$ cat entry_34.cif   # mmCIF, C-alpha atoms, pLDDT in the B column; chains and numbers go by the auth columns
data_upload
#
loop_
_atom_site.group_PDB
_atom_site.id
_atom_site.type_symbol
_atom_site.label_atom_id
_atom_site.label_comp_id
_atom_site.label_asym_id
_atom_site.label_seq_id
_atom_site.Cartn_x
_atom_site.Cartn_y
_atom_site.Cartn_z
_atom_site.B_iso_or_equiv
_atom_site.auth_seq_id
_atom_site.auth_asym_id
ATOM 1 C CA MET A 1 115.046 110.682 87.753 93.00 1 A
ATOM 2 C CA LYS A 2 115.082 107.269 89.367 96.00 2 A
ATOM 3 C CA ILE A 3 111.978 106.210 91.339 97.00 3 A
ATOM 4 C CA SER A 4 112.106 103.201 93.680 97.00 4 A
ATOM 5 C CA PHE A 5 108.919 101.685 95.075 98.00 5 A
ATOM 6 C CA TYR A 6 109.236 99.638 98.273 97.00 6 A
ATOM 7 C CA VAL A 7 106.280 97.295 98.644 97.00 7 A
ATOM 8 C CA LEU A 8 106.084 96.371 102.320 96.00 8 A
ATOM 9 C CA SER A 9 105.093 92.963 103.636 95.00 9 A
ATOM 10 C CA GLU A 10 102.693 92.762 106.588 94.00 10 A
ATOM 11 C CA ASP A 11 105.678 92.265 108.950 91.00 11 A
ATOM 12 C CA ARG A 12 107.534 95.322 107.623 91.00 12 A
ATOM 13 C CA ALA A 13 104.371 97.423 107.727 92.00 13 A
ATOM 14 C CA GLN A 14 104.053 96.653 111.450 91.00 14 A
ATOM 15 C CA ASP A 15 107.260 98.653 111.975 90.00 15 A
ATOM 16 C CA PHE A 16 106.600 101.386 109.395 91.00 16 A
ATOM 17 C CA LEU A 17 108.677 104.023 111.206 91.00 17 A
ATOM 18 C CA GLY A 18 111.520 101.578 111.769 90.00 18 A
ATOM 19 C CA PHE A 19 111.573 100.751 108.061 93.00 19 A
ATOM 20 C CA ILE A 20 111.689 104.444 107.138 93.00 20 A
ATOM 21 C CA CYS A 21 114.582 105.023 109.565 91.00 21 A
ATOM 22 C CA GLN A 22 116.433 102.022 108.127 91.00 22 A
ATOM 23 C CA LEU A 23 115.855 103.244 104.557 93.00 23 A
ATOM 24 C CA VAL A 24 117.052 106.754 105.488 92.00 24 A
ATOM 25 C CA GLN A 25 120.203 105.389 107.129 90.00 25 A
ATOM 26 C CA THR A 26 120.940 103.212 104.085 91.00 26 A
ATOM 27 C CA ALA A 27 120.471 106.183 101.720 91.00 27 A
ATOM 28 C CA LEU A 28 122.779 108.346 103.853 88.00 28 A
ATOM 29 C CA ASN A 29 125.420 105.618 103.993 87.00 29 A
ATOM 30 C CA LYS A 30 125.386 105.164 100.208 87.00 30 A
ATOM 31 C CA GLY A 31 125.801 108.780 99.225 81.00 31 A
ATOM 32 C CA SER A 32 126.548 112.315 100.247 82.00 32 A
ATOM 33 C CA GLN A 33 123.227 113.824 99.168 86.00 33 A
ATOM 34 C CA SER A 34 120.711 115.282 101.547 91.00 34 A
ATOM 35 C CA LEU A 35 117.418 113.496 102.039 95.00 35 A
ATOM 36 C CA LEU A 36 113.947 114.960 102.357 96.00 36 A
ATOM 37 C CA ILE A 37 111.093 113.036 103.950 96.00 37 A
ATOM 38 C CA LEU A 38 107.882 114.488 102.557 96.00 38 A
ATOM 39 C CA THR A 39 104.837 114.082 104.792 94.00 39 A
ATOM 40 C CA GLU A 40 101.611 115.997 105.094 92.00 40 A
ATOM 41 C CA ASP A 41 100.542 114.159 108.242 90.00 41 A
ATOM 42 C CA ASP A 42 101.535 115.953 111.468 90.00 42 A
ATOM 43 C CA LYS A 43 101.308 112.703 113.466 91.00 43 A
ATOM 44 C CA ILE A 44 103.742 110.934 111.131 90.00 44 A
ATOM 45 C CA LEU A 45 106.013 113.990 111.180 91.00 45 A
ATOM 46 C CA SER A 46 106.130 113.998 114.975 90.00 46 A
ATOM 47 C CA SER A 47 106.637 110.231 115.184 91.00 47 A
ATOM 48 C CA LEU A 48 109.422 110.323 112.584 91.00 48 A
ATOM 49 C CA ASP A 49 111.114 113.212 114.368 89.00 49 A
ATOM 50 C CA GLU A 50 111.261 111.107 117.530 88.00 50 A
ATOM 51 C CA ALA A 51 112.134 107.834 115.761 89.00 51 A
ATOM 52 C CA LEU A 52 115.095 109.357 113.917 88.00 52 A
ATOM 53 C CA TRP A 53 116.609 110.431 117.255 83.00 53 A
ATOM 54 C CA THR A 54 116.118 107.052 118.901 78.00 54 A
ATOM 55 C CA GLN A 55 116.399 104.510 116.062 70.00 55 A
ATOM 56 C CA ASP A 56 119.702 103.024 117.233 65.00 56 A
ATOM 57 C CA ALA A 57 120.960 103.014 120.806 58.00 57 A
ATOM 58 C CA THR A 58 124.493 103.956 119.662 61.00 58 A
ATOM 59 C CA SER A 59 123.637 106.603 117.093 67.00 59 A
ATOM 60 C CA PHE A 60 120.982 108.907 115.728 78.00 60 A
ATOM 61 C CA ILE A 61 120.093 110.235 112.316 84.00 61 A
ATOM 62 C CA PRO A 62 120.760 114.000 112.250 87.00 62 A
ATOM 63 C CA HIS A 63 117.653 115.714 110.976 90.00 63 A
ATOM 64 C CA GLN A 64 115.592 118.850 111.128 93.00 64 A
ATOM 65 C CA CYS A 65 111.916 119.648 110.643 93.00 65 A
ATOM 66 C CA LEU A 66 111.288 122.330 108.059 92.00 66 A
ATOM 67 C CA PRO A 67 109.428 125.376 109.371 89.00 67 A
ATOM 68 C CA ASN A 68 105.763 125.727 108.515 81.00 68 A
ATOM 69 C CA ILE A 69 105.095 128.074 105.651 70.00 69 A
ATOM 70 C CA ASP A 70 102.050 129.592 104.097 60.00 70 A
ATOM 71 C CA ASP A 71 101.132 128.377 100.639 46.00 71 A
ATOM 72 C CA ASN A 72 102.762 131.302 98.842 47.00 72 A
ATOM 73 C CA ASP A 73 106.247 131.178 100.404 50.00 73 A
ATOM 74 C CA THR A 74 108.238 128.041 99.539 47.00 74 A
ATOM 75 C CA ASN A 75 111.625 129.808 99.790 49.00 75 A
ATOM 76 C CA VAL A 76 111.531 130.088 103.592 47.00 76 A
ATOM 77 C CA THR A 77 114.634 127.899 103.957 46.00 77 A
ATOM 78 C CA ASP A 78 116.907 130.597 102.536 52.00 78 A
ATOM 79 C CA ASN A 79 119.559 131.420 105.174 44.00 79 A
ATOM 80 C CA VAL A 80 118.627 128.388 107.304 60.00 80 A
ATOM 81 C CA VAL A 81 121.294 125.797 108.180 53.00 81 A
ATOM 82 C CA LEU A 82 119.956 122.445 107.049 77.00 82 A
ATOM 83 C CA ALA A 83 120.659 118.994 108.494 88.00 83 A
ATOM 84 C CA PRO A 84 121.403 116.014 106.212 91.00 84 A
ATOM 85 C CA VAL A 85 117.805 114.800 106.662 94.00 85 A
ATOM 86 C CA LEU A 86 114.849 117.150 106.390 95.00 86 A
ATOM 87 C CA LEU A 87 111.235 116.470 107.341 95.00 87 A
ATOM 88 C CA GLY A 88 108.393 118.549 105.995 94.00 88 A
ATOM 89 C CA ALA A 89 105.303 119.041 103.875 94.00 89 A
ATOM 90 C CA TYR A 90 107.074 120.862 101.039 93.00 90 A
ATOM 91 C CA MET A 91 110.228 120.720 98.983 93.00 91 A
ATOM 92 C CA PRO A 92 112.746 123.477 99.791 91.00 92 A
ATOM 93 C CA ALA A 93 113.948 125.746 97.000 88.00 93 A
ATOM 94 C CA ASP A 94 116.959 124.378 95.097 88.00 94 A
ATOM 95 C CA PHE A 95 116.617 120.914 96.688 91.00 95 A
ATOM 96 C CA ASN A 96 118.632 118.347 94.721 91.00 96 A
ATOM 97 C CA GLY A 97 118.868 115.278 96.940 94.00 97 A
ATOM 98 C CA VAL A 98 116.860 112.123 97.619 96.00 98 A
ATOM 99 C CA VAL A 99 113.149 112.357 98.453 97.00 99 A
ATOM 100 C CA LEU A 100 111.326 109.792 100.560 97.00 100 A
ATOM 101 C CA ASN A 101 107.689 110.473 99.768 97.00 101 A
ATOM 102 C CA THR A 102 105.030 109.453 102.314 95.00 102 A
ATOM 103 C CA THR A 103 102.277 111.602 100.789 95.00 103 A
ATOM 104 C CA ILE A 104 99.486 110.602 98.409 95.00 104 A
ATOM 105 C CA HIS A 105 100.919 112.908 95.718 96.00 105 A
ATOM 106 C CA PRO A 106 103.705 112.152 93.252 96.00 106 A
ATOM 107 C CA VAL A 107 106.855 114.182 93.913 95.00 107 A
ATOM 108 C CA ASN A 108 106.404 116.266 90.764 93.00 108 A
ATOM 109 C CA HIS A 109 103.389 117.832 92.550 92.00 109 A
ATOM 110 C CA PHE A 110 105.834 119.316 95.105 93.00 110 A
ATOM 111 C CA MET A 111 108.456 120.165 92.479 92.00 111 A
ATOM 112 C CA ALA A 112 105.926 122.331 90.630 88.00 112 A
ATOM 113 C CA ALA A 113 105.427 124.452 93.764 85.00 113 A
ATOM 114 C CA THR A 114 109.142 124.966 94.395 83.00 114 A
ATOM 115 C CA SER A 115 111.781 126.939 92.560 77.00 115 A
ATOM 116 C CA ASN A 116 114.685 125.016 91.069 84.00 116 A
ATOM 117 C CA ALA A 117 114.075 121.710 92.871 88.00 117 A
ATOM 118 C CA HIS A 118 115.649 118.755 91.060 90.00 118 A
ATOM 119 C CA PRO A 119 115.617 115.611 93.207 94.00 119 A
ATOM 120 C CA THR A 120 117.979 112.907 92.002 93.00 120 A
ATOM 121 C CA ARG A 121 116.000 109.984 93.351 95.00 121 A
ATOM 122 C CA VAL A 122 112.594 109.294 94.877 97.00 122 A
ATOM 123 C CA LEU A 123 111.735 106.543 97.355 97.00 123 A
ATOM 124 C CA GLU A 124 108.056 105.566 97.557 97.00 124 A
ATOM 125 C CA ILE A 125 106.676 103.243 100.234 96.00 125 A
ATOM 126 C CA ILE A 126 103.628 101.086 99.554 96.00 126 A
ATOM 127 C CA GLN A 127 101.925 99.590 102.591 95.00 127 A
ATOM 128 C CA PRO A 128 99.905 96.349 102.361 95.00 128 A
ATOM 129 C CA ASN A 129 96.449 97.932 102.241 95.00 129 A
ATOM 130 C CA ASP A 130 94.108 98.769 99.378 96.00 130 A
ATOM 131 C CA THR A 131 94.397 102.546 99.788 96.00 131 A
ATOM 132 C CA SER A 132 98.208 102.589 99.744 96.00 132 A
ATOM 133 C CA VAL A 133 98.327 100.155 96.811 96.00 133 A
ATOM 134 C CA GLN A 134 95.952 102.330 94.762 97.00 134 A
ATOM 135 C CA GLU A 135 97.908 105.503 95.620 97.00 135 A
ATOM 136 C CA GLY A 136 101.094 103.690 94.563 96.00 136 A
ATOM 137 C CA ARG A 137 99.524 102.718 91.236 97.00 137 A
ATOM 138 C CA ASN A 138 98.479 106.317 90.626 97.00 138 A
ATOM 139 C CA LYS A 139 101.994 107.573 91.393 97.00 139 A
ATOM 140 C CA TYR A 140 103.536 104.860 89.199 97.00 140 A
ATOM 141 C CA LYS A 141 101.374 105.951 86.232 97.00 141 A
ATOM 142 C CA SER A 142 102.259 109.598 86.829 96.00 142 A
ATOM 143 C CA TYR A 143 105.984 108.856 86.929 97.00 143 A
ATOM 144 C CA GLN A 144 105.711 106.552 83.925 97.00 144 A
ATOM 145 C CA GLN A 145 104.127 109.361 81.878 96.00 145 A
ATOM 146 C CA LEU A 146 107.103 111.559 82.770 94.00 146 A
ATOM 147 C CA ASP A 147 109.437 108.812 81.521 95.00 147 A
ATOM 148 C CA TYR A 148 111.239 108.376 84.849 96.00 148 A
ATOM 149 C CA GLU A 149 113.256 105.230 85.550 97.00 149 A
ATOM 150 C CA LEU A 150 111.001 103.005 87.693 97.00 150 A
ATOM 151 C CA ASN A 151 111.774 99.939 89.789 96.00 151 A
ATOM 152 C CA HIS A 152 110.239 98.198 92.761 94.00 152 A
ATOM 153 C CA PHE A 153 111.351 96.025 95.649 96.00 153 A
ATOM 154 C CA LYS A 154 109.301 93.694 97.782 95.00 154 A
ATOM 155 C CA VAL A 155 110.463 93.954 101.383 93.00 155 A
#
$ encode --input "entry_34.cif" --output "C-alpha cells"
Amino acid sequence: MKISFYVLSEDRAQDFLGFICQLVQTALNKGSQSLLILTEDDKILSSLDEALWTQDATSFIPHQCLPNIDDNDTNVTDNVVLAPVLLGAYMPADFNGVVLNTTIHPVNHFMAATSNAHPTRVLEIIQPNDTSVQEGRNKYKSYQQLDYELNHFKV
C-alpha cells in the first residue's frame, strides 16, 4: 500500500478544509476509485460535509456521510448506494479505494475492525503543530513496520 504524507505549511493549514477538498478533487480526477475521508471528529465531519458541497462555485464534490454504527456492526453499508466520496468514522466492509485519514490512528487500525477492506492508497495530513507532527511520526513508524511504501510532500 502506498502512503503519502502531506506536511502543511502555516498558510495551507489556515485553509485546512480547502486543502482537503482540493486533495479530494485531485484524487478523484486522477483515478476511478472511491475515496473515504476518515474522521472521528463530528465538527470536522460537519464542516467537510458543507465544504465539499460549496468548494467551487461551478461544481461540487459528490459525497455521502456514512451512517453511525455501533461498535459491533461495521457492515452497515451493505445495500446502501455509495457516492464517490464517503465521510465517516469507520471503514466500510470491502472498501478498496483511497483513504484520506484525519484521525490520530493509522489506517490499519480501521482495517482490523472491518471485513475485507483493502485500501489502495492512504493520504495523511500533518498540520504545523507539535501534536499533529507527533501523531504523524507515530503513524509513519506504524506504516514503516508494515513495510508500506512511504513518501511525503511539503505543501
$ resolve_selection --input "entry_34.cif" --expression "the PyMOL selection byres ((chain A and resi 95) around 12)" --output "mmCIF file with C-alpha atoms, in the frame of the given file"
data_model
loop_
_atom_site.group_PDB
_atom_site.id
_atom_site.type_symbol
_atom_site.label_atom_id
_atom_site.label_comp_id
_atom_site.auth_asym_id
_atom_site.auth_seq_id
_atom_site.Cartn_x
_atom_site.Cartn_y
_atom_site.Cartn_z
ATOM 1 C CA GLN A 33 123.227 113.824 99.168
ATOM 2 C CA SER A 34 120.711 115.282 101.547
ATOM 3 C CA LEU A 35 117.418 113.496 102.039
ATOM 4 C CA LEU A 36 113.947 114.960 102.357
ATOM 5 C CA THR A 74 108.238 128.041 99.539
ATOM 6 C CA ASN A 75 111.625 129.808 99.790
ATOM 7 C CA THR A 77 114.634 127.899 103.957
ATOM 8 C CA ASP A 78 116.907 130.597 102.536
ATOM 9 C CA LEU A 82 119.956 122.445 107.049
ATOM 10 C CA PRO A 84 121.403 116.014 106.212
ATOM 11 C CA VAL A 85 117.805 114.800 106.662
ATOM 12 C CA LEU A 86 114.849 117.150 106.390
ATOM 13 C CA TYR A 90 107.074 120.862 101.039
ATOM 14 C CA MET A 91 110.228 120.720 98.983
ATOM 15 C CA PRO A 92 112.746 123.477 99.791
ATOM 16 C CA ALA A 93 113.948 125.746 97.000
ATOM 17 C CA ASP A 94 116.959 124.378 95.097
ATOM 18 C CA ASN A 96 118.632 118.347 94.721
ATOM 19 C CA GLY A 97 118.868 115.278 96.940
ATOM 20 C CA VAL A 98 116.860 112.123 97.619
ATOM 21 C CA VAL A 99 113.149 112.357 98.453
ATOM 22 C CA PHE A 110 105.834 119.316 95.105
ATOM 23 C CA MET A 111 108.456 120.165 92.479
ATOM 24 C CA THR A 114 109.142 124.966 94.395
ATOM 25 C CA SER A 115 111.781 126.939 92.560
ATOM 26 C CA ASN A 116 114.685 125.016 91.069
ATOM 27 C CA ALA A 117 114.075 121.710 92.871
ATOM 28 C CA HIS A 118 115.649 118.755 91.060
ATOM 29 C CA PRO A 119 115.617 115.611 93.207
ATOM 30 C CA THR A 120 117.979 112.907 92.002
ATOM 31 C CA ARG A 121 116.000 109.984 93.351
#
$ residues_around --input "entry_34.cif" --residues "segment 42-58 of chain A" --least-positions-apart "3" --cutoff "8 Å" --atoms "all atoms listed in the file" --output "JSON, numbers by chain"
{"A": [17, 18, 21, 39, 61, 62, 63, 64, 65, 87, 88]}
$ residues_around --input "entry_34.cif" --residues "Pro128 of chain A" --least-positions-apart "5" --cutoff "9 Å" --atoms "only C-alpha atoms" --output "PDB file with C-alpha atoms, in the coordinates of the input"
ATOM      1  CA  VAL A   7     106.280  97.295  98.644  1.00 97.00           C
ATOM      2  CA  LEU A   8     106.084  96.371 102.320  1.00 96.00           C
ATOM      3  CA  SER A   9     105.093  92.963 103.636  1.00 95.00           C
ATOM      4  CA  GLU A  10     102.693  92.762 106.588  1.00 94.00           C
ATOM      5  CA  ALA A  13     104.371  97.423 107.727  1.00 92.00           C
ATOM      6  CA  VAL A 133      98.327 100.155  96.811  1.00 96.00           C
TER       7      VAL A 133
END
$ closest_residue --input "entry_34.cif" --among "A:Asn68, A:Gln22, A:Asn108, A:Ser32" --to "Tyr140 of chain A" --atoms "only C-alpha atoms"
A:Asn108
$ atom_distance --input "entry_34.cif" --atom1 "atom CA of Gly136 of chain A" --atom2 "atom CA of Leu28 of chain A"
24.0 Å
$ resolve_selection --input "entry_34.cif" --expression "the PyMOL selection byres ((chain A and resi 152) around 7)" --output "ChimeraX atom specification"
/A:4-6,151,153-154
$ atom_distance --input "entry_34.cif" --atom1 "atom CA of His105 of chain A" --atom2 "atom CA of Ala89 of chain A"
11.1 Å
$ atom_distance --input "entry_34.cif" --atom1 "atom CA of Ala83 of chain A" --atom2 "atom CA of Ile125 of chain A"
22.6 Å
$ closest_residue --input "entry_34.cif" --among "A:Phe16, A:Glu124, A:Phe60, A:Gln145" --to "Ile37 of chain A" --atoms "only C-alpha atoms"
A:Glu124
$ closest_residue --input "entry_34.cif" --among "A:Val155, A:Leu66, A:Ile126, A:Ser142" --to "Glu40 of chain A" --atoms "only C-alpha atoms"
A:Leu66
$ closest_residue --input "entry_34.cif" --among "A:Lys2, A:Lys30, A:Arg12, A:His109" --to "Gln127 of chain A" --atoms "all atoms listed in the file"
A:Arg12
$ closest_residue --input "entry_34.cif" --among "A:Asn129, A:Leu150, A:Glu135, A:Leu123" --to "Thr26 of chain A" --atoms "only C-alpha atoms"
A:Leu123
